[in-house]
Structure formats: structure tokens, C-alpha cells
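coords_37.txt follows (compact mmCIF, C-alpha atoms):
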# COMPACT_ATOMS: atom_id res chain seq x y z
CA MET A 1 -6.51 4.58 -21.10
CA ARG A 2 -5.85 3.72 -24.75
CA GLY A 3 -3.24 1.17 -25.68
CA LEU A 4 -0.36 1.84 -28.07
CA PRO A 5 -1.04 1.30 -31.83
CA GLY A 6 -1.31 -2.33 -32.86
CA ALA A 7 -1.62 -3.61 -29.31
CA PRO A 8 -4.58 -4.97 -27.39
CA PRO A 9 -6.38 -1.89 -26.10
CA GLY A 10 -5.90 -1.06 -22.46
CA VAL A 11 -3.07 -3.58 -21.91
CA THR A 12 -0.02 -2.30 -23.75
CA GLY A 13 1.38 0.75 -22.07
CA THR A 14 0.44 -0.46 -18.61
CA GLY A 15 4.15 -0.56 -17.75
CA ARG A 16 4.30 3.15 -18.47
CA ALA A 17 1.09 3.60 -16.47
CA GLY A 18 2.79 1.89 -13.54
CA LEU A 19 5.73 4.28 -13.80
CA VAL A 20 3.48 7.35 -14.04
CA ASP A 21 1.24 6.27 -11.17
CA MET A 22 4.23 6.00 -8.86
CA LEU A 23 5.38 9.56 -9.55
CA PRO A 24 3.42 11.02 -6.60
CA PHE A 25 4.88 8.36 -4.32
CA ALA A 26 8.49 8.11 -5.45
CA PRO A 27 9.90 11.36 -3.98
CA GLY A 28 8.23 10.71 -0.64
CA ILE A 29 9.49 7.14 -0.63
CA ALA A 30 13.02 8.34 -1.36
CA VAL A 31 12.85 10.82 1.52
CA LEU A 32 11.54 8.13 3.85
CA GLY A 33 14.35 5.85 2.73
CA LEU A 34 16.75 8.64 3.53
CA VAL A 35 15.17 9.07 6.97
CA PHE A 36 15.36 5.32 7.58
CA GLY A 37 19.01 5.16 6.56
CA ALA A 38 19.92 8.03 8.85
CA GLY A 39 17.71 6.68 11.64
CA ALA A 40 19.33 3.26 11.42
CA LEU A 41 22.68 4.83 12.15
CA ASP A 42 21.16 6.51 15.22
CA HIS A 43 20.16 3.05 16.48
CA GLY A 44 23.69 1.78 16.08
CA ILE A 45 22.93 -0.25 12.97
CA ASP A 46 25.76 -0.76 10.54
CA ARG A 47 25.51 1.13 7.22
CA GLY A 48 25.71 -2.02 5.12
CA PHE A 49 23.11 -3.75 7.27
CA ALA A 50 20.70 -0.85 6.91
CA VAL A 51 20.97 -0.96 3.13
CA ALA A 52 20.67 -4.75 3.15
CA MET A 53 17.47 -4.36 5.20
CA SER A 54 16.00 -2.05 2.61
CA VAL A 55 16.90 -4.46 -0.17
CA LEU A 56 15.83 -7.73 1.46
CA VAL A 57 13.08 -6.73 3.87
CA TYR A 58 11.78 -3.99 1.58
CA SER A 59 9.00 -2.70 3.79
CA GLY A 60 9.09 0.83 5.13
CA SER A 61 6.56 0.36 7.89
CA ALA A 62 8.18 -2.87 9.09
CA GLN A 63 11.68 -1.42 8.97
CA PHE A 64 10.76 1.72 10.89
CA ALA A 65 8.89 -0.35 13.45
CA ALA A 66 11.90 -2.64 13.76
CA LEU A 67 14.03 0.37 14.61
CA THR A 68 11.74 1.32 17.48
CA VAL A 69 12.06 -2.12 19.08
CA TRP A 70 15.63 -2.86 18.01
CA SER A 71 16.96 -2.71 21.53
CA GLN A 72 14.43 -5.31 22.71
CA GLY A 73 16.12 -8.14 20.86
CA ALA A 74 15.70 -10.21 17.72
CA PRO A 75 12.51 -12.13 18.64
CA VAL A 76 10.61 -8.89 19.32
CA VAL A 77 11.94 -7.35 16.11
CA VAL A 78 10.87 -10.36 14.04
CA LEU A 79 7.40 -10.55 15.62
CA THR A 80 6.88 -6.83 15.08
CA VAL A 81 7.83 -7.15 11.43
CA LEU A 82 5.48 -10.13 11.02
CA ALA A 83 2.55 -8.35 12.66
CA LEU A 84 2.95 -5.36 10.38
CA SER A 85 3.24 -7.51 7.27
CA LEU A 86 0.15 -9.68 7.66
CA ARG A 87 -1.95 -7.02 5.95
CA PHE A 88 -0.18 -7.88 2.68
CA ALA A 89 -1.99 -11.22 2.65
CA LEU A 90 -5.30 -9.48 1.96
CA MET A 91 -3.75 -7.33 -0.73
CA THR A 92 -1.98 -10.11 -2.58
CA ALA A 93 -5.03 -12.38 -2.35
CA THR A 94 -6.88 -9.61 -4.19
CA ILE A 95 -4.06 -9.18 -6.69
CA GLY A 96 -4.02 -12.93 -7.20
CA ALA A 97 -7.66 -12.77 -8.23
CA TRP A 98 -6.83 -9.99 -10.71
CA LEU A 99 -4.10 -12.16 -12.20
CA ASP A 100 -6.36 -15.20 -12.61
CA PRO A 101 -4.11 -17.74 -14.40
CA THR A 102 -6.92 -18.80 -16.72
CA SER A 103 -6.96 -15.34 -18.25
CA SER A 104 -3.53 -13.85 -17.78
CA GLY A 105 -1.19 -16.83 -18.10
CA VAL A 106 0.82 -15.66 -15.10
CA GLY A 107 2.72 -18.66 -13.80
CA ARG A 108 3.80 -19.47 -10.30
CA TRP A 109 7.41 -18.29 -10.67
CA ARG A 110 6.41 -14.91 -12.01
CA ARG A 111 4.06 -14.53 -9.07
CA LEU A 112 6.86 -15.41 -6.65
CA ALA A 113 9.03 -12.71 -8.18
CA LEU A 114 6.18 -10.20 -8.31
CA ALA A 115 5.30 -10.81 -4.64
CA TYR A 116 8.53 -9.10 -3.56
CA LEU A 117 7.54 -5.86 -5.31
CA ILE A 118 4.03 -5.57 -3.85
CA THR A 119 3.63 -2.66 -1.45
CA ASP A 120 0.73 -0.60 -0.11
CA GLU A 121 1.37 1.96 -2.82
CA THR A 122 1.45 -0.43 -5.78
CA PHE A 123 -1.67 -2.15 -4.51
CA ALA A 124 -3.48 1.15 -4.03
CA ALA A 125 -2.54 2.45 -7.46
CA ALA A 126 -3.45 -0.81 -9.20
CA ALA A 127 -6.79 -0.98 -7.36
CA ALA A 128 -7.68 2.46 -8.72
CA ARG A 129 -6.98 1.35 -12.30
CA PRO A 130 -9.52 -0.33 -14.60
CA ARG A 131 -9.37 -4.10 -14.23
CA GLU A 132 -7.66 -4.85 -17.55
CA GLN A 133 -4.75 -2.58 -16.62
CA ARG A 134 -3.91 -4.44 -13.42
CA THR A 135 -1.30 -6.56 -15.10
CA VAL A 136 2.03 -8.05 -14.12
CA ARG A 137 3.72 -5.42 -16.27
CA TYR A 138 1.94 -2.61 -14.45
CA LEU A 139 2.73 -4.00 -11.00
CA THR A 140 6.32 -4.73 -11.92
CA ALA A 141 6.98 -1.26 -13.32
CA ALA A 142 5.34 0.40 -10.35
CA GLY A 143 7.21 -1.83 -7.92
CA LEU A 144 10.58 -1.18 -9.54
CA VAL A 145 10.12 2.59 -9.32
CA LEU A 146 9.48 2.36 -5.61
CA ALA A 147 12.28 -0.14 -5.05
CA VAL A 148 14.80 2.20 -6.65
CA ALA A 149 13.46 5.15 -4.65
CA TRP A 150 13.48 3.24 -1.35
CA VAL A 151 16.88 1.60 -1.64
CA GLY A 152 18.42 4.70 -3.21
CA GLY A 153 17.04 6.86 -0.43
CA THR A 154 18.40 4.50 2.20
CA LEU A 155 21.82 4.56 0.59
CA VAL A 156 21.88 8.35 0.63
CA GLY A 157 20.61 8.35 4.20
CA VAL A 158 23.35 6.11 5.55
CA LEU A 159 25.93 8.20 3.74
CA ALA A 160 24.48 11.57 4.75
CA GLY A 161 23.73 10.66 8.35
CA THR A 162 21.27 12.55 10.54
CA SER A 163 20.60 16.15 9.86
CA GLY A 164 18.00 18.66 10.96
CA TRP A 165 16.67 19.28 7.48
CA LEU A 166 15.63 15.65 7.15
CA ALA A 167 13.06 16.09 9.92
CA SER A 168 11.26 18.89 8.09
CA TRP A 169 11.05 16.84 4.89
CA ALA A 170 9.77 13.86 6.81
CA ASP A 171 7.04 16.07 8.34
CA LEU A 172 5.61 16.68 4.87
CA THR A 173 5.78 13.11 3.62
CA GLY A 174 3.17 11.96 6.15
CA PRO A 175 0.39 14.25 4.89
CA LEU A 176 1.48 13.75 1.27
CA PHE A 177 1.24 9.98 1.57
CA ALA A 178 -2.08 10.19 3.37
CA MET A 179 -3.49 12.35 0.58
CA VAL A 180 -2.30 10.07 -2.19
CA PHE A 181 -3.74 7.03 -0.45
CA LEU A 182 -6.95 8.95 0.22
CA ALA A 183 -7.30 9.90 -3.43
CA LEU A 184 -6.71 6.30 -4.49
CA ALA A 185 -9.17 5.03 -1.89
CA VAL A 186 -11.78 7.40 -3.34
CA LEU A 187 -11.17 5.97 -6.79
CA THR A 188 -11.91 2.45 -5.58
CA CYS A 189 -15.32 3.62 -4.39
CA THR A 190 -17.05 3.05 -7.72
CA THR A 191 -20.37 1.90 -6.27
CA VAL A 192 -22.51 2.67 -3.23
CA PRO A 193 -21.69 -0.67 -1.53
CA LYS A 194 -17.95 -0.04 -2.01
CA THR A 195 -18.29 3.45 -0.59
CA LEU A 196 -20.13 2.04 2.43
CA VAL A 197 -17.38 -0.54 2.87
CA ALA A 198 -14.78 2.23 2.73
CA VAL A 199 -16.58 4.18 5.46
CA ILE A 200 -16.82 1.07 7.62
CA GLY A 201 -13.16 0.32 6.96
CA ALA A 202 -12.17 3.84 7.99
CA ILE A 203 -14.07 3.62 11.28
CA LEU A 204 -12.74 0.16 12.07
CA GLY A 205 -9.25 1.23 11.09
CA VAL A 206 -9.24 4.06 13.60
CA LEU A 207 -10.74 1.84 16.30
CA GLY A 208 -8.22 -0.85 15.50
CA VAL A 209 -5.20 1.40 15.75
CA LEU A 210 -6.39 2.63 19.14
CA LEU A 211 -7.23 -0.77 20.60
CA LEU A 212 -5.01 -3.35 18.91
CA PRO A 213 -1.26 -4.02 18.94
CA PRO A 214 0.68 -2.08 16.29
CA GLY A 215 0.09 -3.20 12.74
CA TRP A 216 -3.03 -5.30 13.33
CA HIS A 217 -5.58 -2.61 12.56
CA ILE A 218 -5.33 -2.87 8.78
CA LEU A 219 -5.85 -6.63 8.75
CA PHE A 220 -8.68 -6.35 11.30
CA ALA A 221 -10.47 -3.50 9.56
CA GLY A 222 -9.77 -4.78 6.06
CA LEU A 223 -11.22 -8.21 6.84
CA LEU A 224 -14.34 -7.06 8.68
CA ALA A 225 -15.17 -4.17 6.38
CA SER A 226 -14.69 -6.20 3.19
CA LEU A 227 -16.89 -9.00 4.55
CA ALA A 228 -19.61 -6.37 4.93
CA GLY A 229 -19.49 -5.77 1.17
CA PRO A 230 -21.91 -8.49 0.05
CA LEU A 231 -24.27 -7.43 2.87
CA ALA A 232 -24.02 -3.83 1.70
CA GLU A 233 -24.99 -5.00 -1.79
CA ARG A 234 -28.16 -6.60 -0.44
CA VAL A 235 -28.99 -3.56 1.68
CA THR A 236 -28.61 -1.19 -1.26
CA ARG A 237 -30.51 -3.69 -3.41
CA ARG A 238 -28.13 -3.23 -6.29
CA PRO A 239 -25.41 -5.75 -7.20
CA ALA A 240 -21.96 -4.17 -7.52
CA PRO A 241 -20.87 -4.48 -11.15
CA PRO A 242 -17.34 -5.55 -12.03
CA ASP A 243 -14.91 -2.62 -11.87
CA ARG A 244 -15.85 -0.13 -14.54
CA GLU A 245 -13.34 1.44 -16.87
CA GLU A 246 -12.55 4.62 -15.03
CA PRO A 247 -9.91 6.87 -16.55
CA VAL A 248 -7.55 8.12 -13.88
CA MET B 1 30.05 -6.60 5.88
CA SER B 2 30.82 -8.40 9.16
CA ALA B 3 27.63 -6.95 10.71
CA ILE B 4 25.58 -8.37 7.84
CA LEU B 5 27.11 -11.80 8.27
CA THR B 6 26.67 -11.97 12.03
CA GLN B 7 23.11 -10.74 11.83
CA LEU B 8 22.20 -12.62 8.68
CA PRO B 9 19.68 -14.89 10.44
CA LEU B 10 17.85 -11.82 11.76
CA LEU B 11 17.92 -10.18 8.34
CA LEU B 12 16.59 -13.29 6.62
CA ALA B 13 13.92 -13.81 9.27
CA MET B 14 12.66 -10.25 8.79
CA ALA B 15 12.73 -10.64 5.03
CA LEU B 16 10.69 -13.85 5.20
CA CYS B 17 8.17 -12.28 7.59
CA VAL B 18 7.47 -9.64 4.96
CA TYR B 19 7.73 -11.83 1.88
CA LEU B 20 5.68 -14.89 2.89
CA PRO B 21 2.42 -13.01 3.65
CA LYS B 22 2.78 -11.52 0.17
CA ALA B 23 3.76 -14.66 -1.70
CA ILE B 24 1.50 -17.33 -0.21
CA PRO B 25 -1.86 -15.78 -1.18
CA LEU B 26 -0.50 -14.87 -4.60
CA ILE B 27 0.57 -18.48 -5.18
CA ALA B 28 -2.70 -19.81 -3.75
CA ALA B 29 -4.50 -17.77 -6.37
CA SER B 30 -2.37 -19.29 -9.12
CA VAL B 31 -3.68 -22.76 -8.30
CA GLY B 32 -7.22 -21.43 -8.39
CA ALA B 33 -7.74 -21.74 -4.65
CA VAL B 34 -8.75 -18.10 -4.43
CA THR B 35 -10.50 -17.51 -7.72
CA ARG B 36 -12.59 -20.68 -8.00
CA SER B 37 -15.36 -19.50 -5.70
CA LYS B 38 -17.69 -16.73 -6.89
CA LYS B 39 -18.30 -15.72 -3.27
CA VAL B 40 -14.57 -15.33 -2.68
CA ARG B 41 -14.19 -13.28 -5.86
CA THR B 42 -17.09 -11.06 -4.81
CA TRP B 43 -15.58 -10.59 -1.35
CA LEU B 44 -12.17 -9.70 -2.81
CA GLU B 45 -13.79 -6.89 -4.83
CA TYR B 46 -14.33 -5.13 -1.51
CA VAL B 47 -10.86 -5.60 -0.05
CA SER B 48 -9.38 -2.59 -1.87
CA PRO B 49 -11.73 0.08 -0.50
CA ALA B 50 -11.71 -1.57 2.94
CA VAL B 51 -7.94 -1.82 3.30
CA LEU B 52 -7.13 1.57 1.79
CA SER B 53 -9.66 3.44 3.88
CA ALA B 54 -8.53 1.66 7.06
CA LEU B 55 -4.92 2.49 6.30
CA VAL B 56 -5.47 6.16 5.55
CA ALA B 57 -8.10 6.87 8.23
CA ALA B 58 -5.82 5.52 10.95
CA GLU B 59 -2.92 7.55 9.61
CA ILE B 60 -4.94 10.79 9.55
CA ALA B 61 -7.01 10.44 12.72
CA ALA B 62 -4.66 8.52 14.95
CA PRO B 63 -1.05 8.66 13.81
CA GLY B 64 1.18 6.85 16.23
CA GLY B 65 -1.79 5.09 17.83
CA ALA B 66 -3.36 8.07 19.60
CA LEU B 67 -6.29 10.22 18.46
CA THR B 68 -5.22 13.67 17.36
CA PRO B 69 -7.55 16.65 17.55
CA PRO B 70 -8.69 17.94 14.15
CA ARG B 71 -6.70 20.86 12.82
CA LEU B 72 -7.59 23.44 10.19
CA GLU B 73 -5.19 21.98 7.66
CA HIS B 74 -7.11 18.70 7.81
CA LEU B 75 -9.59 20.42 5.51
CA GLY B 76 -7.03 19.50 2.88
CA TYR B 77 -8.10 15.88 3.28
CA ILE B 78 -11.73 16.89 2.80
CA ALA B 79 -10.67 18.62 -0.41
CA VAL B 80 -9.00 15.43 -1.62
CA ILE B 81 -12.20 13.44 -1.02
CA ALA B 82 -14.46 16.05 -2.64
CA VAL B 83 -12.29 16.65 -5.71
CA GLY B 84 -11.57 12.93 -6.00
CA PHE B 85 -15.25 12.01 -6.11
CA ALA B 86 -16.07 14.91 -8.41
CA THR B 87 -13.31 14.46 -10.97
CA ARG B 88 -12.07 10.85 -10.46
CA ARG B 89 -8.56 12.22 -11.05
CA VAL B 90 -5.80 11.46 -8.53
CA TRP B 91 -3.57 14.38 -9.55
CA LEU B 92 -6.36 16.96 -9.31
CA ALA B 93 -7.45 15.67 -5.92
CA LEU B 94 -3.86 15.67 -4.70
CA ILE B 95 -3.14 19.19 -5.91
CA ALA B 96 -6.33 20.54 -4.39
CA GLY B 97 -5.70 18.81 -1.09
CA LEU B 98 -2.03 19.75 -0.81
CA ALA B 99 -2.69 23.37 -1.76
CA LEU B 100 -5.35 23.73 0.92
CA TYR B 101 -3.23 21.88 3.48
CA LEU B 102 -0.19 24.06 2.94
CA LEU B 103 -2.33 27.21 2.88
CA LEU B 104 -3.93 26.43 6.20
CA ARG B 105 -0.85 24.96 7.89
Would you encode the structure as C-alpha cells?
Amino acid sequence: MRGLPGAPPGVTGTGRAGLVDMLPFAPGIAVLGLVFGAGALDHGIDRGFAVAMSVLVYSGSAQFAALTVWSQGAPVVVLTVLALSLRFALMTATIGAWLDPTSSGVGRWRRLALAYLITDETFAAAAARPREQRTVRYLTAAGLVLAVAWVGGTLVGVLAGTSGWLASWADLTGPLFAMVFLALAVLTCTTVPKTLVAVIGAILGVLGVLLLPPGWHILFAGLLASLAGPLAERVTRRPAPPDREEPV
Amino acid sequence: MSAILTQLPLLLAMALCVYLPKAIPLIAASVGAVTRSKKVRTWLEYVSPAVLSALVAAEIAAPGGALTPPRLEHLGYIAVIAVGFATRRVWLALIAGLALYLLLR
């Protein structure tokens, strides 16, 4: 992707790239926020609390899971949220390596602020981008788009309440999200070892979701499959080059 | 507002449970703890395909934690993979996959 005139190539304009890359996700996120807001009311959660959850917790999977165990008490809710959120550690460790302070000048406070905006979607989209475009500006722009969609959707949901038409929209968001993530996963498979790792990750992910407590499968599969990467390099007898510039 | 105040500890606990797993590794990387080792950097190159494929495979094959039998519209996912590898374009893969999915649904 070319940069704007007069700017370092491939860096300027990454904010706009972040906005554009979130376009496939944003409507689905807004609908899910709407479903969450309406669903929270069904579980007897106060409207203001539901919106505050979306603002402060800011994790769709954790919030929906919290709803399912809400009646079991606060400790169970908190543990469920924690279990589902551990996967972010792998993602942000990877993002941290992208934002190496020796090259990007990204200080600790900016990272603390950026951490809030990291989601599965922003990670996936950034991972599919060429390395030099995975900047703070990109991640921030992408994160803000989703934050507005999520919180805005929740707000509409708590105001609109439950309705039959919400269920049909929610039925489509599942496949839509899966396809977007699938397309992005394909884009990260830039070498044979990475493709092998993706296959291993897929198998372990399915096994993990069947055998492990909710939320642990991504951490389990992500760790084991990624550790197989260097081995896959040796097996294929070809070192994986740094991420190539791949136009998306 | 009163519900938020009375349940503030729960709200903050949930928020921290989501935020800390995100923030700690990001901060660790800023002090070079993550990026200093070449082996760690090499390993991290493989986290993206591993995590994304685990996430999406589980969602497609076992939503809700139980294996679902394959359905005809799942060919839409095959279309996403095929077009994605062939074109390296997210939008094209998505359009192809969604079109086939909705057609076969």
C-alpha cells in the first residue's frame, strides 16, 4: 500500500487502512453489541450497567459469557471473563514485538492506552498487513472503529430491548465473522511453515474447544501450534522470511 | 446509576481481567523482554496463523463447544480459503464465501 505524498512510504495512511480494514467487522460488531444490550436486559442487568460493561470491559466474548453465568455469582463471572481473556496475552505479545521500541519509539504509556483497544479483529487485520503497516496509528484507528460500533450497538440494544428480528441478524453475524477471520488467517499463511502451523492450530483449536473449559482452547492451540513453527521450518528445510509486503 | 455503583467492584474486576492480559505483554515488550531474543521473535511470527486458525476452526466446526455436522453452506468457507489463497484479497474471499453460503443456505 503506497503512502501519501511526502510521507514515508507504507506508514502514512495506515490510520485510514485501519478504518477500512474494520469495515467488514463494524456492522457485525454493532449488531452483536445490540444483541448484548438486549440480552443484558433479559438477565436483569440494569441498562446503565450494561453500557458501562461494554465501555469498561470491552470484550464481546467475555461479556456474552458473563451473561450465561451471571446467576452463578460474581466469582464465577470474574473467573469466566479471565479465562476467556487470557488469549489476548499471546496476541499482545506479538503486537509488542511489532512495535519494538527501538524502531517505533512507542513508549510505555501509549502501549497502556493501546492495550485497551486490542481485540481479536484488530489483531487479525493487523497480522494480515505488511509489517511496516502494523503501527500504533493503524491499531488505534481500527480499535476506535470497533469501540464505537460495540458501545453504540449496546446503547441501541438496551434502548430497543429484545425483539425477534435481532435473532435473525445475530444468526448471520456468526458466519460473517467466521469468514472474515478465515480470510485474514489465510493472509497470514505467507509461507509453507506458517500454513502448516495454521493447520495444526485449527486441529488443536477444535480439540481444545471440545475438551477444555470454555475459552481455553485459543490459548492452548495458539501456544502449541506456534511452538511448532520453528520445527516446521526445519522440516520444510526453508527458513520463513520476515513477513513479505503483501497488498491486501 | 445506583446499579453501577453497587456493582462497581464486579465491573472493575471484569475490566481488569480483560485489560491486564492485554497490557502486561505489551508493556513487557516495551522493555525489550519480548523482543531481545531471536528465538522469541521467531516464535512470535507463528502466533498469528496459530491463534487465528484455532479461533475460526473452533467457531466453524464446534460452535458452542459441540461438533456440528457439515452442512452444504459450509462450502462457503472452502470458497473463502480458495479465493483467499488465490487472490490474497480479503474482500474478494469474503464476497465469494458469503455469496456461496447464502446461495446454499
Within 12 Å of (24.8, 2.8, 13.3), in the coordinates the file gives, what residues turn up when you count only C-alpha atoms, written out as a VMD selection string? (chain A and resid 36 to 51 67 70 157 to 159 161 to 162) or (chain B and resid 3)
Listing only residues of chain B within 7 Å of chain A, what is the closest atom pair and its distance in Å (to one decimal) for each, using all atoms listed in the file, sorted by chain and residue number ascending, as CSV?
residue,atom,partner,partner_atom,distance
B:Met1,CA,A:Gly48,CA,6.4
B:Ala3,CA,A:Asp46,CA,6.5
B:Ile4,CA,A:Phe49,CA,5.3
B:Leu10,CA,A:Ala74,CA,6.5
B:Leu11,CA,A:Met53,CA,6.6
B:Ala13,CA,A:Val78,CA,6.6
B:Met14,CA,A:Val78,CA,5.5
B:Ala15,CA,A:Val57,CA,4.1
B:Cys17,CA,A:Leu82,CA,4.9
B:Val18,CA,A:Ser85,CA,5.3
B:Tyr19,CA,A:Tyr116,CA,6.1
B:Pro21,CA,A:Ala89,CA,4.9
B:Lys22,CA,A:Phe88,CA,5.3
B:Ala23,CA,A:Ala115,CA,5.1
B:Pro25,CA,A:Ala93,CA,4.8
B:Leu26,CA,A:Gly96,CA,4.8
B:Ile27,CA,A:Arg108,CA,6.1
B:Ala29,CA,A:Gly96,CA,4.9
B:Ser30,CA,A:Pro101,CA,5.8
B:Val34,CA,A:Ala97,CA,6.6
B:Thr35,CA,A:Ala97,CA,5.5
B:Arg41,CA,A:Ala97,CA,7.0
B:Trp43,CA,A:Leu227,CA,6.2
B:Leu44,CA,A:Thr94,CA,5.5
B:Tyr46,CA,A:Ser226,CA,4.8
B:Val47,CA,A:Ser226,CA,5.1
B:Ser48,CA,A:Ala127,CA,6.3
B:Pro49,CA,A:Ala198,CA,4.9
B:Ala50,CA,A:Gly201,CA,4.7
B:Val51,CA,A:Gly222,CA,4.4
B:Leu52,CA,A:Ala185,CA,5.4
B:Ser53,CA,A:Ala202,CA,4.8
B:Ala54,CA,A:Gly205,CA,4.1
B:Leu55,CA,A:Ile218,CA,5.9
B:Val56,CA,A:Ala178,CA,5.7
B:Ala57,CA,A:Ala202,CA,5.1
B:Ala58,CA,A:Val206,CA,4.6
B:Glu59,CA,A:Ala178,CA,6.8
B:Ile60,CA,A:Ala178,CA,6.8
B:Ala61,CA,A:Val206,CA,6.8
B:Ala62,CA,A:Val206,CA,6.5
B:Gly65,CA,A:Leu210,CA,5.4
B:Ala66,CA,A:Leu210,CA,6.2
B:Tyr77,CA,A:Met179,CA,6.4
B:Val80,CA,A:Ala183,CA,6.1
B:Ile81,CA,A:Val186,CA,6.5
B:Gly84,CA,A:Ala183,CA,5.8
B:Phe85,CA,A:Val186,CA,6.4
B:Arg88,CA,A:Leu187,CA,6.2
B:Arg89,CA,A:Val248,CA,5.1
B:Val90,CA,A:Ala183,CA,5.5
B:Ala93,CA,A:Ala183,CA,6.3
B:Leu94,CA,A:Met179,CA,6.2
Near Gly28 in chain A, counting only C-alpha atoms, which residues have an atom at most 10 Å away, once you skip same-chain residues fewer than 5 positions from it, shown as a count of residues only? 14
Given the point (-5.8, 20.0, 5.9) in the file's coordinates, find the residues that have an atom at most 8 Å from it, counting all atoms listed in the file, and give them as a list in words.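 Here is the list of nearby residues: Arg71, Leu72, Glu73, His74, Leu75, Gly76, Tyr77, Ile78, Gly97, Leu98, Leu100, Tyr101, Leu102, Leu104 and Arg105 of chain B.
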Distance of CA of Val31 in chain A from CA of Phe64 in chain A, expressed in Å to one decimal place: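 Here the two named atoms are 13.2 Å from each other.
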